[in-house]
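Visitor: My questions will all concern the structure given below.
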Amino acid sequence: EELATVCREILSLVETHGYQFDDIGVVARSLDPYRSKLRTVFDRHLIPFTSTTGQPLSREPLAKAILRLASLPVNDFERSALLDVITSPFYRVREGDYPAVAPRQDQWRIAVSLLGITRGQGEWQRLSAASTSSSVQEGRNDTESDDQPIRSIDPAQATLLARIVARLLHDCIALPKRGSVTQLTEAFLTLVEEHFAIPGWLNDSDIVIEQSRTMLVGSLIKEAVAKLAALDPLYTDLSWEAWMELFRRAMDETLLPLEGDDHEGVSVLDAME
């Protein structure tokens, strides 16, 4: 509501008193309480702006997928987390390793649901059995109508999914359970580079997305990882779960600019920055 009030005042200055958006500045003691809503509210009122603040890197889809990847060994390969990882547009599916079939992520979600997979390496191994069947169909009881469709899994998609998941689980299980910050960070970077094509990280990325914002997100993730190196003298032996929380904190503390430097409009400033 405070942001909406500010926006109405800005529009009044522009429409009634003849100010330009570039003439107006908004200063808050701290923008932290408004960071998540700032862009949404200003866009709703069609007010262009620049700001000294940003949003936490951890809210970006690519960053979320990377954090999900780090969490897999901790949450025992929970279904939604693992699916979020392998259905990310940045996930690396290597040609030649899998059947010549276009990935159908909707089929993957159906397969996991029909097979009753919730978490755990043992449950994910059900995919291998499903991939050798001629088909996998959802059961139907006698009270259901004959014309109700039966959802089924394409065996080729089941094979593709089974191999993708098997490779991911194998590499996650191989991660060290404990170690120094540097040891755990290096192990995670190896995992990321094996399973993700992040713009700006690798020259041979399988996925090329020509967006400057995506490149910026990739570089900021690398910056967040680099922050962990400074903590090595403080944490010489910690668990993977503890390391993951340090990584999550680094991603939360790394801010992504709300707008590009070439944007013009109302200046929204944080007095503490």
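Residue numbering restarts at 1 in every chain; chains get A, B, ... in the order shown in the structure tokens, and ligands count up from 1 in that same order.
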Identify, on the basis of only C-alpha atoms, every residue whose closest approach to Ala81 of chain A does not exceed 10 Å; exclude the query and any residue fewer than 4 positions from it along the same chain; express the result as a ChimeraX atom specification.

Guide: /A:64-65,67-72,75-77,85-86,119

Visitor: Convert the current residue selection to file output with N, CA, C and O atoms, as a PDB file, in the first residue's frame.

Guide:
```pdb
ATOM      1  N   LYS A  64      17.430 -20.739  -8.490  1.00  0.00           N
ATOM      2  CA  LYS A  64      16.586 -21.687  -7.766  1.00  0.00           C
ATOM      3  C   LYS A  64      16.929 -23.122  -8.153  1.00  0.00           C
ATOM      4  O   LYS A  64      16.982 -24.019  -7.298  1.00  0.00           O
ATOM      5  N   ALA A  65      17.146 -23.348  -9.450  1.00  0.00           N
ATOM      6  CA  ALA A  65      17.481 -24.696  -9.909  1.00  0.00           C
ATOM      7  C   ALA A  65      18.823 -25.156  -9.349  1.00  0.00           C
ATOM      8  O   ALA A  65      18.982 -26.322  -8.965  1.00  0.00           O
ATOM      9  N   LEU A  67      20.188 -24.131  -6.512  1.00  0.00           N
ATOM     10  CA  LEU A  67      19.973 -24.408  -5.092  1.00  0.00           C
ATOM     11  C   LEU A  67      19.254 -25.742  -4.906  1.00  0.00           C
ATOM     12  O   LEU A  67      19.546 -26.490  -3.960  1.00  0.00           O
ATOM     13  N   ARG A  68      18.310 -26.042  -5.789  1.00  0.00           N
ATOM     14  CA  ARG A  68      17.620 -27.333  -5.735  1.00  0.00           C
ATOM     15  C   ARG A  68      18.613 -28.469  -5.941  1.00  0.00           C
ATOM     16  O   ARG A  68      18.536 -29.507  -5.279  1.00  0.00           O
ATOM     17  N   LEU A  69      19.537 -28.282  -6.858  1.00  0.00           N
ATOM     18  CA  LEU A  69      20.562 -29.292  -7.110  1.00  0.00           C
ATOM     19  C   LEU A  69      21.375 -29.552  -5.845  1.00  0.00           C
ATOM     20  O   LEU A  69      21.633 -30.709  -5.484  1.00  0.00           O
ATOM     21  N   ALA A  70      21.773 -28.479  -5.173  1.00  0.00           N
ATOM     22  CA  ALA A  70      22.565 -28.621  -3.944  1.00  0.00           C
ATOM     23  C   ALA A  70      21.783 -29.331  -2.850  1.00  0.00           C
ATOM     24  O   ALA A  70      22.366 -30.011  -1.998  1.00  0.00           O
ATOM     25  N   SER A  71      20.458 -29.209  -2.870  1.00  0.00           N
ATOM     26  CA  SER A  71      19.635 -29.779  -1.803  1.00  0.00           C
ATOM     27  C   SER A  71      19.325 -31.259  -2.000  1.00  0.00           C
ATOM     28  O   SER A  71      18.860 -31.916  -1.061  1.00  0.00           O
ATOM     29  N   LEU A  72      19.556 -31.800  -3.180  1.00  0.00           N
ATOM     30  CA  LEU A  72      19.133 -33.175  -3.461  1.00  0.00           C
ATOM     31  C   LEU A  72      19.687 -34.201  -2.473  1.00  0.00           C
ATOM     32  O   LEU A  72      18.939 -35.056  -1.983  1.00  0.00           O
ATOM     33  N   ASN A  75      17.719 -33.716   0.951  1.00  0.00           N
ATOM     34  CA  ASN A  75      16.297 -34.065   1.040  1.00  0.00           C
ATOM     35  C   ASN A  75      15.984 -35.441   0.465  1.00  0.00           C
ATOM     36  O   ASN A  75      14.821 -35.757   0.190  1.00  0.00           O
ATOM     37  N   ASP A  76      17.028 -36.270   0.278  1.00  0.00           N
ATOM     38  CA  ASP A  76      16.867 -37.651  -0.192  1.00  0.00           C
ATOM     39  C   ASP A  76      16.195 -37.698  -1.556  1.00  0.00           C
ATOM     40  O   ASP A  76      15.326 -38.527  -1.814  1.00  0.00           O
ATOM     41  N   PHE A  77      16.599 -36.779  -2.430  1.00  0.00           N
ATOM     42  CA  PHE A  77      16.130 -36.760  -3.815  1.00  0.00           C
ATOM     43  C   PHE A  77      14.601 -36.660  -3.892  1.00  0.00           C
ATOM     44  O   PHE A  77      13.941 -37.408  -4.614  1.00  0.00           O
ATOM     45  N   VAL A  85      15.013 -29.698 -11.084  1.00  0.00           N
ATOM     46  CA  VAL A  85      16.381 -29.669 -11.604  1.00  0.00           C
ATOM     47  C   VAL A  85      16.421 -30.133 -13.047  1.00  0.00           C
ATOM     48  O   VAL A  85      16.939 -29.448 -13.933  1.00  0.00           O
ATOM     49  N   ILE A  86      15.870 -31.308 -13.332  1.00  0.00           N
ATOM     50  CA  ILE A  86      16.031 -31.893 -14.671  1.00  0.00           C
ATOM     51  C   ILE A  86      15.114 -31.264 -15.714  1.00  0.00           C
ATOM     52  O   ILE A  86      15.320 -31.467 -16.914  1.00  0.00           O
ATOM     53  N   ARG A 119      10.472 -39.944  -3.004  1.00  0.00           N
ATOM     54  CA  ARG A 119      11.851 -39.619  -2.669  1.00  0.00           C
ATOM     55  C   ARG A 119      12.633 -40.917  -2.506  1.00  0.00           C
ATOM     56  O   ARG A 119      12.051 -42.004  -2.438  1.00  0.00           O
TER      57      ARG A 119
END
```

Visitor: Do a neighbour search on Val165 of chain A at 12 Å with only C-alpha atoms, toss out local chain neighbours closer than 2 positions, and write the hits as a VMD selection string.

Guide: chain A and resid 72 77 79 82 to 83 85 to 87 91 93 98 108 112 120 to 128 158 to 163 167 to 173 195

Visitor: Suppose we keep N, CA and C atoms; can you now write the selection as an mmCIF file, in the first residue's frame?

Guide:
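Output saved as part.cif:
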```cif
data_model
loop_
_atom_site.group_PDB
_atom_site.id
_atom_site.type_symbol
_atom_site.label_atom_id
_atom_site.label_comp_id
_atom_site.auth_asym_id
_atom_site.auth_seq_id
_atom_site.Cartn_x
_atom_site.Cartn_y
_atom_site.Cartn_z
ATOM 1 N N LEU A 72 19.556 -31.800 -3.180
ATOM 2 C CA LEU A 72 19.133 -33.175 -3.461
ATOM 3 C C LEU A 72 19.687 -34.201 -2.473
ATOM 4 N N PHE A 77 16.599 -36.779 -2.430
ATOM 5 C CA PHE A 77 16.130 -36.760 -3.815
ATOM 6 C C PHE A 77 14.601 -36.660 -3.892
ATOM 7 N N ARG A 79 10.933 -35.658 -4.808
ATOM 8 C CA ARG A 79 10.411 -35.655 -6.172
ATOM 9 C C ARG A 79 10.366 -34.267 -6.811
ATOM 10 N N LEU A 82 13.902 -32.787 -7.480
ATOM 11 C CA LEU A 82 14.627 -33.426 -8.577
ATOM 12 C C LEU A 82 14.013 -33.070 -9.927
ATOM 13 N N LEU A 83 12.690 -33.049 -10.007
ATOM 14 C CA LEU A 83 12.032 -32.684 -11.267
ATOM 15 C C LEU A 83 12.318 -31.232 -11.643
ATOM 16 N N VAL A 85 15.013 -29.698 -11.084
ATOM 17 C CA VAL A 85 16.381 -29.669 -11.604
ATOM 18 C C VAL A 85 16.421 -30.133 -13.047
ATOM 19 N N ILE A 86 15.870 -31.308 -13.332
ATOM 20 C CA ILE A 86 16.031 -31.893 -14.671
ATOM 21 C C ILE A 86 15.114 -31.264 -15.714
ATOM 22 N N THR A 87 14.108 -30.502 -15.277
ATOM 23 C CA THR A 87 13.252 -29.805 -16.251
ATOM 24 C C THR A 87 13.661 -28.347 -16.441
ATOM 25 N N TYR A 91 19.319 -27.319 -17.850
ATOM 26 C CA TYR A 91 19.846 -28.647 -17.546
ATOM 27 C C TYR A 91 20.482 -29.249 -18.799
ATOM 28 N N VAL A 93 21.372 -32.117 -21.125
ATOM 29 C CA VAL A 93 21.102 -33.475 -21.608
ATOM 30 C C VAL A 93 22.072 -33.746 -22.741
ATOM 31 N N TYR A 98 21.439 -40.842 -24.829
ATOM 32 C CA TYR A 98 20.056 -41.206 -24.641
ATOM 33 C C TYR A 98 19.383 -41.536 -25.974
ATOM 34 N N TRP A 108 7.330 -36.896 -18.273
ATOM 35 C CA TRP A 108 8.181 -37.244 -17.127
ATOM 36 C C TRP A 108 7.409 -37.090 -15.820
ATOM 37 N N VAL A 112 6.516 -40.142 -13.147
ATOM 38 C CA VAL A 112 6.911 -40.136 -11.741
ATOM 39 C C VAL A 112 5.683 -40.267 -10.837
ATOM 40 N N GLY A 120 13.938 -40.797 -2.449
ATOM 41 C CA GLY A 120 14.781 -41.957 -2.172
ATOM 42 C C GLY A 120 15.303 -42.632 -3.426
ATOM 43 N N GLN A 121 16.548 -43.057 -3.375
ATOM 44 C CA GLN A 121 17.177 -43.712 -4.521
ATOM 45 C C GLN A 121 16.408 -44.957 -4.941
ATOM 46 N N GLY A 122 15.919 -45.721 -3.970
ATOM 47 C CA GLY A 122 15.192 -46.942 -4.280
ATOM 48 C C GLY A 122 13.944 -46.686 -5.101
ATOM 49 N N GLU A 123 13.202 -45.657 -4.745
ATOM 50 C CA GLU A 123 11.974 -45.350 -5.493
ATOM 51 C C GLU A 123 12.289 -44.871 -6.903
ATOM 52 N N TRP A 124 13.353 -44.095 -7.054
ATOM 53 C CA TRP A 124 13.702 -43.612 -8.396
ATOM 54 C C TRP A 124 14.137 -44.752 -9.308
ATOM 55 N N GLN A 125 14.577 -45.855 -8.737
ATOM 56 C CA GLN A 125 14.977 -46.992 -9.553
ATOM 57 C C GLN A 125 13.786 -47.660 -10.239
ATOM 58 N N ARG A 126 12.570 -47.319 -9.813
ATOM 59 C CA ARG A 126 11.377 -47.827 -10.492
ATOM 60 C C ARG A 126 11.336 -47.383 -11.953
ATOM 61 N N LEU A 127 11.992 -46.268 -12.243
ATOM 62 C CA LEU A 127 12.011 -45.791 -13.633
ATOM 63 C C LEU A 127 12.688 -46.791 -14.551
ATOM 64 N N SER A 128 13.736 -47.453 -14.075
ATOM 65 C CA SER A 128 14.454 -48.422 -14.905
ATOM 66 C C SER A 128 13.549 -49.583 -15.271
ATOM 67 N N ALA A 158 10.257 -42.979 -20.842
ATOM 68 C CA ALA A 158 10.648 -43.605 -19.579
ATOM 69 C C ALA A 158 12.130 -43.964 -19.593
ATOM 70 N N THR A 159 12.621 -44.435 -20.747
ATOM 71 C CA THR A 159 14.035 -44.771 -20.874
ATOM 72 C C THR A 159 14.904 -43.526 -20.754
ATOM 73 N N LEU A 160 14.490 -42.475 -21.436
ATOM 74 C CA LEU A 160 15.228 -41.206 -21.371
ATOM 75 C C LEU A 160 15.279 -40.683 -19.947
ATOM 76 N N LEU A 161 14.123 -40.659 -19.297
ATOM 77 C CA LEU A 161 14.051 -40.153 -17.930
ATOM 78 C C LEU A 161 14.876 -41.017 -16.978
ATOM 79 N N ALA A 162 14.793 -42.330 -17.124
ATOM 80 C CA ALA A 162 15.530 -43.239 -16.245
ATOM 81 C C ALA A 162 17.028 -43.004 -16.339
ATOM 82 N N ARG A 163 17.541 -42.787 -17.536
ATOM 83 C CA ARG A 163 18.977 -42.579 -17.718
ATOM 84 C C ARG A 163 19.413 -41.218 -17.185
ATOM 85 N N ARG A 167 22.020 -40.956 -13.931
ATOM 86 C CA ARG A 167 23.296 -40.226 -13.994
ATOM 87 C C ARG A 167 23.362 -39.151 -12.920
ATOM 88 N N LEU A 168 22.241 -38.444 -12.718
ATOM 89 C CA LEU A 168 22.210 -37.391 -11.706
ATOM 90 C C LEU A 168 22.382 -37.977 -10.307
ATOM 91 N N LEU A 169 21.655 -39.055 -10.011
ATOM 92 C CA LEU A 169 21.765 -39.673 -8.691
ATOM 93 C C LEU A 169 23.177 -40.189 -8.445
ATOM 94 N N HIS A 170 23.767 -40.805 -9.454
ATOM 95 C CA HIS A 170 25.132 -41.334 -9.318
ATOM 96 C C HIS A 170 26.101 -40.229 -8.921
ATOM 97 N N ASP A 171 25.998 -39.076 -9.584
ATOM 98 C CA ASP A 171 26.936 -37.980 -9.318
ATOM 99 C C ASP A 171 26.652 -37.311 -7.972
ATOM 100 N N CYS A 172 25.380 -37.238 -7.582
ATOM 101 C CA CYS A 172 25.044 -36.635 -6.290
ATOM 102 C C CYS A 172 25.501 -37.523 -5.138
ATOM 103 N N ILE A 173 25.324 -38.819 -5.285
ATOM 104 C CA ILE A 173 25.732 -39.752 -4.227
ATOM 105 C C ILE A 173 27.247 -39.729 -4.046
ATOM 106 N N HIS A 195 26.149 -31.018 -15.108
ATOM 107 C CA HIS A 195 24.708 -31.168 -15.322
ATOM 108 C C HIS A 195 23.997 -29.895 -15.775
#
```

Visitor: Report, in Å with one decimal, the straight-line distance from atom CA of Ala111 of chain A to atom CA of Arg92 of chain A.

Guide: 20.4 Å

Visitor: Enter the distance from atom CA of Leu228 of chain A to atom CA of Phe196 of chain A, in Å, rounded to one decimal.

Guide: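 Interatomic distance, atom CA of Leu228 of chain A to atom CA of Phe196 of chain A: 20.1 Å.
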
Visitor: Could you list, as a list in words, every residue within 12 Å of Pro33 of chain A, counting only C-alpha atoms and ignoring same-chain residues fewer than 6 positions away?

Guide: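 Residues meeting the cut-off are Glu2, Leu3, Thr53, Gly54, Gln55 and Asp270 of chain A.
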
Visitor: Which of segment 17-196 of chain A counts as strand (DSSP E or B) under DSSP, as a ChimeraX atom specification please?

Guide: /A:25-28,49-51,54-56,91,136-137,152-153,178-179,196

Visitor: Could you take the residues named above and write them with N, CA, C and O atoms, as a PDB file, in the first residue's frame?

Guide:
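Listing of part_28.pdb after writing:
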```
ATOM      1  N   GLY A  25      12.764  11.714  -7.409  1.00  0.00           N
ATOM      2  CA  GLY A  25      13.498  10.712  -6.657  1.00  0.00           C
ATOM      3  C   GLY A  25      12.716  10.251  -5.446  1.00  0.00           C
ATOM      4  O   GLY A  25      11.963  11.036  -4.836  1.00  0.00           O
ATOM      5  N   VAL A  26      12.859   9.005  -5.095  1.00  0.00           N
ATOM      6  CA  VAL A  26      12.214   8.443  -3.908  1.00  0.00           C
ATOM      7  C   VAL A  26      13.319   7.857  -3.039  1.00  0.00           C
ATOM      8  O   VAL A  26      14.116   7.037  -3.508  1.00  0.00           O
ATOM      9  N   VAL A  27      13.384   8.282  -1.774  1.00  0.00           N
ATOM     10  CA  VAL A  27      14.416   7.795  -0.858  1.00  0.00           C
ATOM     11  C   VAL A  27      13.750   7.135   0.338  1.00  0.00           C
ATOM     12  O   VAL A  27      12.847   7.716   0.958  1.00  0.00           O
ATOM     13  N   ALA A  28      14.173   5.919   0.651  1.00  0.00           N
ATOM     14  CA  ALA A  28      13.675   5.206   1.825  1.00  0.00           C
ATOM     15  C   ALA A  28      14.835   4.938   2.777  1.00  0.00           C
ATOM     16  O   ALA A  28      15.984   4.809   2.338  1.00  0.00           O
ATOM     17  N   PHE A  49      11.626   3.316 -13.709  1.00  0.00           N
ATOM     18  CA  PHE A  49      12.448   3.674 -12.549  1.00  0.00           C
ATOM     19  C   PHE A  49      13.817   3.022 -12.627  1.00  0.00           C
ATOM     20  O   PHE A  49      14.043   2.044 -13.340  1.00  0.00           O
ATOM     21  N   THR A  50      14.731   3.596 -11.899  1.00  0.00           N
ATOM     22  CA  THR A  50      16.032   2.982 -11.640  1.00  0.00           C
ATOM     23  C   THR A  50      16.163   2.872 -10.124  1.00  0.00           C
ATOM     24  O   THR A  50      15.491   3.589  -9.382  1.00  0.00           O
ATOM     25  N   SER A  51      17.004   1.971  -9.672  1.00  0.00           N
ATOM     26  CA  SER A  51      17.120   1.787  -8.236  1.00  0.00           C
ATOM     27  C   SER A  51      18.508   1.319  -7.852  1.00  0.00           C
ATOM     28  O   SER A  51      19.174   0.617  -8.627  1.00  0.00           O
ATOM     29  N   GLY A  54      18.309  -4.165  -5.368  1.00  0.00           N
ATOM     30  CA  GLY A  54      18.078  -5.264  -6.284  1.00  0.00           C
ATOM     31  C   GLY A  54      17.324  -6.351  -5.554  1.00  0.00           C
ATOM     32  O   GLY A  54      17.003  -6.217  -4.367  1.00  0.00           O
ATOM     33  N   GLN A  55      17.038  -7.437  -6.241  1.00  0.00           N
ATOM     34  CA  GLN A  55      16.364  -8.552  -5.601  1.00  0.00           C
ATOM     35  C   GLN A  55      17.366  -9.679  -5.363  1.00  0.00           C
ATOM     36  O   GLN A  55      18.340  -9.807  -6.100  1.00  0.00           O
ATOM     37  N   PRO A  56      17.149 -10.472  -4.328  1.00  0.00           N
ATOM     38  CA  PRO A  56      18.085 -11.559  -4.053  1.00  0.00           C
ATOM     39  C   PRO A  56      18.249 -12.484  -5.255  1.00  0.00           C
ATOM     40  O   PRO A  56      17.266 -12.851  -5.914  1.00  0.00           O
ATOM     41  N   TYR A  91      19.319 -27.319 -17.850  1.00  0.00           N
ATOM     42  CA  TYR A  91      19.846 -28.647 -17.546  1.00  0.00           C
ATOM     43  C   TYR A  91      20.482 -29.249 -18.799  1.00  0.00           C
ATOM     44  O   TYR A  91      19.947 -29.142 -19.893  1.00  0.00           O
ATOM     45  N   VAL A 136       3.339 -48.260 -19.437  1.00  0.00           N
ATOM     46  CA  VAL A 136       2.949 -48.150 -18.036  1.00  0.00           C
ATOM     47  C   VAL A 136       1.684 -47.319 -18.007  1.00  0.00           C
ATOM     48  O   VAL A 136       1.660 -46.198 -18.515  1.00  0.00           O
ATOM     49  N   GLN A 137       0.614 -47.884 -17.436  1.00  0.00           N
ATOM     50  CA  GLN A 137      -0.662 -47.195 -17.455  1.00  0.00           C
ATOM     51  C   GLN A 137      -1.189 -46.991 -16.058  1.00  0.00           C
ATOM     52  O   GLN A 137      -0.908 -47.759 -15.133  1.00  0.00           O
ATOM     53  N   SER A 152      -0.777 -42.860 -19.873  1.00  0.00           N
ATOM     54  CA  SER A 152       0.272 -43.864 -20.033  1.00  0.00           C
ATOM     55  C   SER A 152       1.604 -43.178 -20.278  1.00  0.00           C
ATOM     56  O   SER A 152       1.666 -42.006 -20.637  1.00  0.00           O
ATOM     57  N   ILE A 153       2.680 -43.944 -20.090  1.00  0.00           N
ATOM     58  CA  ILE A 153       4.027 -43.433 -20.271  1.00  0.00           C
ATOM     59  C   ILE A 153       4.610 -44.021 -21.536  1.00  0.00           C
ATOM     60  O   ILE A 153       4.607 -45.245 -21.723  1.00  0.00           O
ATOM     61  N   ARG A 178      31.302 -34.721   4.062  1.00  0.00           N
ATOM     62  CA  ARG A 178      31.887 -33.686   4.892  1.00  0.00           C
ATOM     63  C   ARG A 178      33.163 -33.182   4.229  1.00  0.00           C
ATOM     64  O   ARG A 178      33.720 -33.831   3.342  1.00  0.00           O
ATOM     65  N   GLY A 179      33.632 -32.017   4.698  1.00  0.00           N
ATOM     66  CA  GLY A 179      34.878 -31.481   4.191  1.00  0.00           C
ATOM     67  C   GLY A 179      35.005 -30.008   4.511  1.00  0.00           C
ATOM     68  O   GLY A 179      34.139 -29.420   5.178  1.00  0.00           O
ATOM     69  N   PHE A 196      24.667 -28.767 -15.742  1.00  0.00           N
ATOM     70  CA  PHE A 196      24.028 -27.525 -16.168  1.00  0.00           C
ATOM     71  C   PHE A 196      24.885 -26.817 -17.209  1.00  0.00           C
ATOM     72  O   PHE A 196      26.116 -26.862 -17.139  1.00  0.00           O
TER      73      PHE A 196
END
```
